[in-house]
Amino acid sequence: MRRFLLLLVAICVLPVSLALAQSVEEEEGYSREFTYGLNFNSNGGLLGGAMIKQAYHLKGNWYHFWSLEGVEVKHPKETRVQNLVNGASFVKGKSNYLFVLRPQYGREYTFFKKAAESGVQVNGIVAAGPSIGIMAPYFIEYDRSNYVLDQRTQQYYLVGPVIINTEQYNPDVHTNEGMIVGAPGVFKGLSEPSFRVGANAKAGVSFEYGRYMESVTGIEVGMMVEALAGDMTMIPGAENRNVFMSVYLTLYYGRRR
């Protein structure tokens, strides 16, 4: 009888003990988190940019963080075309790139915590900060060679040397798209930047996965609004704006402790 009573007590106590242990495990928190990832947004094309983030625990389910994003903002009317003669591609009418650096401060609230070795954590996020816009000229390689029309054959032929100039694209000047033989790339434009200042704010939700508490893999989705001062002409002749709204998705990875 004594052994039976001990066994009965053990059977009753064990589930309670396991439940308490699980509760403690699920409530295990972290004081610091560092993550980095890739940003995709409705203003940035296939790949918007990159981000880094450092978060610290405040109290309870609240955290605060500092982050830095670097993204490219594209004009909604951008269209990439191809030169049928040499196969080179360029963005029709584009005169300037726009890149933005966004240092942000934000707060994060954990709605659901994950267990130490499995599960999903759900966070609500708000953040704001200054925006540093970098306007960089969009250069093309334009054929300035001298071509003369043969009246008999109605074909053009080259007179003199081949002259290819690297110039900032201006659709009012470079009217013959057949003479655009290429684009040297973004690094050429970044050698001649001009700067804009502004501000941004965002709100979103993140879903974090990870086999262990110290490992972080997650997805953040949300909306952002941003305003920049000054001339923001990316495509001359098109509607150019100073306020940008976007939907974003960030894939990130990191560590916490």
# chains A, B, ... in the order shown; residues from 1 in each chain; ligands from 1
call {"tool": "residues_around", "arguments": {"residues": "A:Asn170", "least_positions_apart": "4", "cutoff": "9 Å", "atoms": "only C-alpha atoms", "output": "list in words"}}
result
Gly93, Lys94, Ser95, His174, Thr175, Ile235 and Pro236 of chain A
call {"tool": "write_last_selection", "arguments": {"atoms": "N, CA and C atoms", "output": "JSON list (two decimals), in the first residue's frame"}}
result
[["chain", "number", "residue", "atom", "x", "y", "z"],
["A", 93, "GLY", "N", 15.20, 56.55, -69.88],
["A", 93, "GLY", "CA", 14.87, 57.86, -69.32],
["A", 93, "GLY", "C", 15.45, 58.14, -67.94],
["A", 94, "LYS", "N", 16.11, 57.18, -67.32],
["A", 94, "LYS", "CA", 16.59, 57.36, -65.94],
["A", 94, "LYS", "C", 17.78, 58.32, -65.91],
["A", 95, "SER", "N", 17.71, 59.31, -65.03],
["A", 95, "SER", "CA", 18.77, 60.30, -64.92],
["A", 95, "SER", "C", 19.56, 60.20, -63.62],
["A", 174, "HIS", "N", 19.75, 62.70, -75.21],
["A", 174, "HIS", "CA", 20.07, 61.41, -75.82],
["A", 174, "HIS", "C", 18.79, 60.81, -76.40],
["A", 175, "THR", "N", 18.36, 61.40, -77.50],
["A", 175, "THR", "CA", 17.07, 61.03, -78.09],
["A", 175, "THR", "C", 17.14, 59.76, -78.92],
["A", 235, "ILE", "N", 13.59, 60.37, -63.03],
["A", 235, "ILE", "CA", 13.29, 60.28, -64.46],
["A", 235, "ILE", "C", 12.72, 61.62, -64.90],
["A", 236, "PRO", "N", 13.47, 62.44, -65.64],
["A", 236, "PRO", "CA", 12.96, 63.74, -66.10],
["A", 236, "PRO", "C", 11.70, 63.55, -66.95]]
call {"tool": "residues_around", "arguments": {"residues": "A:Ala128", "least_positions_apart": "5", "cutoff": "8 Å", "atoms": "only C-alpha atoms", "output": "number ranges by chain"}}
result
A: 104-106, 199-202
call {"tool": "write_last_selection", "arguments": {"atoms": "all heavy atoms", "output": "mmCIF file, in the first residue's frame"}}
result
data_model
loop_
_atom_site.group_PDB
_atom_site.id
_atom_site.type_symbol
_atom_site.label_atom_id
_atom_site.label_comp_id
_atom_site.auth_asym_id
_atom_site.auth_seq_id
_atom_site.Cartn_x
_atom_site.Cartn_y
_atom_site.Cartn_z
ATOM 1 N N GLN A 104 17.666 53.952 -37.491
ATOM 2 C CA GLN A 104 16.360 53.958 -36.844
ATOM 3 C C GLN A 104 16.464 53.568 -35.372
ATOM 4 O O GLN A 104 17.337 52.782 -34.988
ATOM 5 C CB GLN A 104 15.403 52.970 -37.532
ATOM 6 C CG GLN A 104 15.041 53.318 -38.961
ATOM 7 C CD GLN A 104 14.185 52.247 -39.596
ATOM 8 O OE1 GLN A 104 14.324 51.065 -39.315
ATOM 9 N NE2 GLN A 104 13.273 52.648 -40.476
ATOM 10 N N TYR A 105 15.556 54.122 -34.590
ATOM 11 C CA TYR A 105 15.362 53.679 -33.212
ATOM 12 C C TYR A 105 13.929 53.178 -33.113
ATOM 13 O O TYR A 105 12.997 53.800 -33.642
ATOM 14 C CB TYR A 105 15.580 54.814 -32.215
ATOM 15 C CG TYR A 105 15.228 54.422 -30.795
ATOM 16 C CD1 TYR A 105 16.090 53.634 -30.040
ATOM 17 C CD2 TYR A 105 14.011 54.810 -30.236
ATOM 18 C CE1 TYR A 105 15.761 53.255 -28.748
ATOM 19 C CE2 TYR A 105 13.677 54.440 -28.943
ATOM 20 C CZ TYR A 105 14.556 53.659 -28.205
ATOM 21 O OH TYR A 105 14.223 53.267 -26.934
ATOM 22 N N GLY A 106 13.742 52.043 -32.409
ATOM 23 C CA GLY A 106 12.403 51.498 -32.335
ATOM 24 C C GLY A 106 12.138 50.707 -31.076
ATOM 25 O O GLY A 106 13.033 50.448 -30.262
ATOM 26 N N ALA A 199 13.109 61.966 -43.241
ATOM 27 C CA ALA A 199 12.748 61.148 -42.093
ATOM 28 C C ALA A 199 11.901 59.978 -42.568
ATOM 29 O O ALA A 199 11.310 60.002 -43.649
ATOM 30 C CB ALA A 199 11.987 61.969 -41.054
ATOM 31 N N ASN A 200 11.832 58.944 -41.716
ATOM 32 C CA ASN A 200 11.053 57.757 -42.053
ATOM 33 C C ASN A 200 10.419 57.172 -40.795
ATOM 34 O O ASN A 200 10.875 57.427 -39.677
ATOM 35 C CB ASN A 200 11.935 56.709 -42.739
ATOM 36 C CG ASN A 200 12.992 56.142 -41.808
ATOM 37 O OD1 ASN A 200 12.721 55.255 -41.003
ATOM 38 N ND2 ASN A 200 14.213 56.686 -41.888
ATOM 39 N N ALA A 201 9.387 56.375 -40.986
ATOM 40 C CA ALA A 201 8.731 55.651 -39.895
ATOM 41 C C ALA A 201 8.155 54.360 -40.459
ATOM 42 O O ALA A 201 7.745 54.304 -41.622
ATOM 43 C CB ALA A 201 7.633 56.485 -39.251
ATOM 44 N N LYS A 202 8.135 53.321 -39.616
ATOM 45 C CA LYS A 202 7.596 52.043 -40.079
ATOM 46 C C LYS A 202 6.883 51.333 -38.938
ATOM 47 O O LYS A 202 7.113 51.604 -37.752
ATOM 48 C CB LYS A 202 8.705 51.140 -40.631
ATOM 49 C CG LYS A 202 9.624 50.556 -39.564
ATOM 50 C CD LYS A 202 10.609 49.564 -40.193
ATOM 51 C CE LYS A 202 11.503 48.926 -39.129
ATOM 52 N NZ LYS A 202 12.424 47.933 -39.712
#
call {"tool": "residues_around", "arguments": {"residues": "A:Thr217", "least_positions_apart": "2", "cutoff": "8 Å", "atoms": "only C-alpha atoms", "output": "PyMOL selection string"}}
result
chain A and resi 208-210+215+219+251-254
call {"tool": "write_last_selection", "arguments": {"atoms": "C-alpha atoms", "output": "PDB file, in the first residue's frame"}}
result
ATOM      1  CA  GLU A 208      11.091  34.427 -35.475  1.00  0.00           C
ATOM      2  CA  TYR A 209      12.077  30.801 -35.781  1.00  0.00           C
ATOM      3  CA  GLY A 210      14.996  28.943 -34.281  1.00  0.00           C
ATOM      4  CA  SER A 215      19.652  31.301 -32.639  1.00  0.00           C
ATOM      5  CA  ILE A 219      10.748  37.334 -41.305  1.00  0.00           C
ATOM      6  CA  LEU A 251      14.606  38.115 -44.077  1.00  0.00           C
ATOM      7  CA  TYR A 252      17.081  38.095 -41.191  1.00  0.00           C
ATOM      8  CA  TYR A 253      19.374  35.879 -39.166  1.00  0.00           C
ATOM      9  CA  GLY A 254      21.284  36.438 -35.951  1.00  0.00           C
TER      10      GLY A 254
END
call {"tool": "atom_distance", "arguments": {"atom1": "atom CA of A:Met232", "atom2": "atom CA of A:Leu249"}}
result
24.5 Å
call {"tool": "closest_residue", "arguments": {"among": "A:Asn96, A:Leu46, A:Gly160, A:Asp150", "to": "A:Glu192", "atoms": "only C-alpha atoms"}}
result
A:Asn96
call {"tool": "residues_around", "arguments": {"residues": "A:Trp62", "least_positions_apart": "2", "cutoff": "7 Å", "atoms": "only C-alpha atoms", "output": "mmCIF file with N, CA and C atoms, in the first residue's frame"}}
result
data_model
loop_
_atom_site.group_PDB
_atom_site.id
_atom_site.type_symbol
_atom_site.label_atom_id
_atom_site.label_comp_id
_atom_site.auth_asym_id
_atom_site.auth_seq_id
_atom_site.Cartn_x
_atom_site.Cartn_y
_atom_site.Cartn_z
ATOM 1 N N HIS A 57 16.878 44.253 -24.097
ATOM 2 C CA HIS A 57 15.676 44.046 -23.297
ATOM 3 C C HIS A 57 15.441 45.243 -22.387
ATOM 4 N N LEU A 58 14.191 45.685 -22.309
ATOM 5 C CA LEU A 58 13.817 46.755 -21.392
ATOM 6 C C LEU A 58 13.194 46.168 -20.127
ATOM 7 N N LYS A 59 11.988 45.678 -20.251
ATOM 8 C CA LYS A 59 11.308 45.025 -19.135
ATOM 9 C C LYS A 59 10.133 44.231 -19.688
ATOM 10 N N GLY A 60 9.817 43.135 -19.012
ATOM 11 C CA GLY A 60 8.703 42.316 -19.455
ATOM 12 C C GLY A 60 8.881 41.851 -20.886
ATOM 13 N N HIS A 64 13.945 47.450 -26.924
ATOM 14 C CA HIS A 64 14.206 48.580 -27.805
ATOM 15 C C HIS A 64 15.419 48.256 -28.657
ATOM 16 N N GLU A 108 9.960 47.153 -29.622
ATOM 17 C CA GLU A 108 9.483 45.837 -30.048
ATOM 18 C C GLU A 108 8.760 45.173 -28.881
ATOM 19 N N TYR A 109 7.578 44.669 -29.143
ATOM 20 C CA TYR A 109 6.792 43.996 -28.112
ATOM 21 C C TYR A 109 6.567 42.552 -28.524
ATOM 22 N N THR A 110 6.876 41.624 -27.628
ATOM 23 C CA THR A 110 6.720 40.206 -27.912
ATOM 24 C C THR A 110 5.321 39.741 -27.514
#
call {"tool": "select_by_dssp", "arguments": {"residues": "stretch 22-112 of chain A", "states": "strand (DSSP E)", "output": "MDAnalysis selection string"}}
result
chainID A and resid 32:41 49:59 62:72 80:82 89:91 96:112
call {"tool": "residues_around", "arguments": {"residues": "A:His75", "least_positions_apart": "3", "cutoff": "8 Å", "atoms": "only C-alpha atoms", "output": "list in words"}}
result
Asn43, Glu78, Met234, Ile235 and Asn240 of chain A
call {"tool": "closest_residue", "arguments": {"among": "A:Asn39, A:Tyr142, A:Ala136, A:Lys53", "to": "A:Val173", "atoms": "only C-alpha atoms"}}
result
A:Tyr142
call {"tool": "atom_distance", "arguments": {"atom1": "atom CA of A:Gln168", "atom2": "atom CA of A:Lys188"}}
result
10.2 Å
call {"tool": "residues_around", "arguments": {"residues": "A:Glu33", "least_positions_apart": "3", "cutoff": "9 Å", "atoms": "only C-alpha atoms", "output": "list in words"}}
result
Tyr30, Lys53, Gln54, Ala55, Tyr56, His57, Phe65, Glu214, Val216, Gly254, Arg255, Arg256 and Arg257 of chain A
call {"tool": "write_last_selection", "arguments": {"atoms": "C-alpha atoms", "output": "PDB file, in the first residue's frame"}}
result
ATOM      1  CA  TYR A  30      17.294  37.288 -23.591  1.00  0.00           C
ATOM      2  CA  LYS A  53      19.898  45.543 -35.963  1.00  0.00           C
ATOM      3  CA  GLN A  54      20.893  45.492 -32.289  1.00  0.00           C
ATOM      4  CA  ALA A  55      18.096  44.956 -29.739  1.00  0.00           C
ATOM      5  CA  TYR A  56      18.157  45.203 -25.916  1.00  0.00           C
ATOM      6  CA  HIS A  57      15.676  44.046 -23.297  1.00  0.00           C
ATOM      7  CA  PHE A  65      16.599  48.535 -30.739  1.00  0.00           C
ATOM      8  CA  GLU A 214      20.290  31.708 -28.906  1.00  0.00           C
ATOM      9  CA  VAL A 216      17.390  33.694 -34.572  1.00  0.00           C
ATOM     10  CA  GLY A 254      21.284  36.438 -35.951  1.00  0.00           C
ATOM     11  CA  ARG A 255      22.188  35.529 -32.400  1.00  0.00           C
ATOM     12  CA  ARG A 256      20.875  36.431 -28.972  1.00  0.00           C
ATOM     13  CA  ARG A 257      22.018  36.019 -25.406  1.00  0.00           C
TER      14      ARG A 257
END
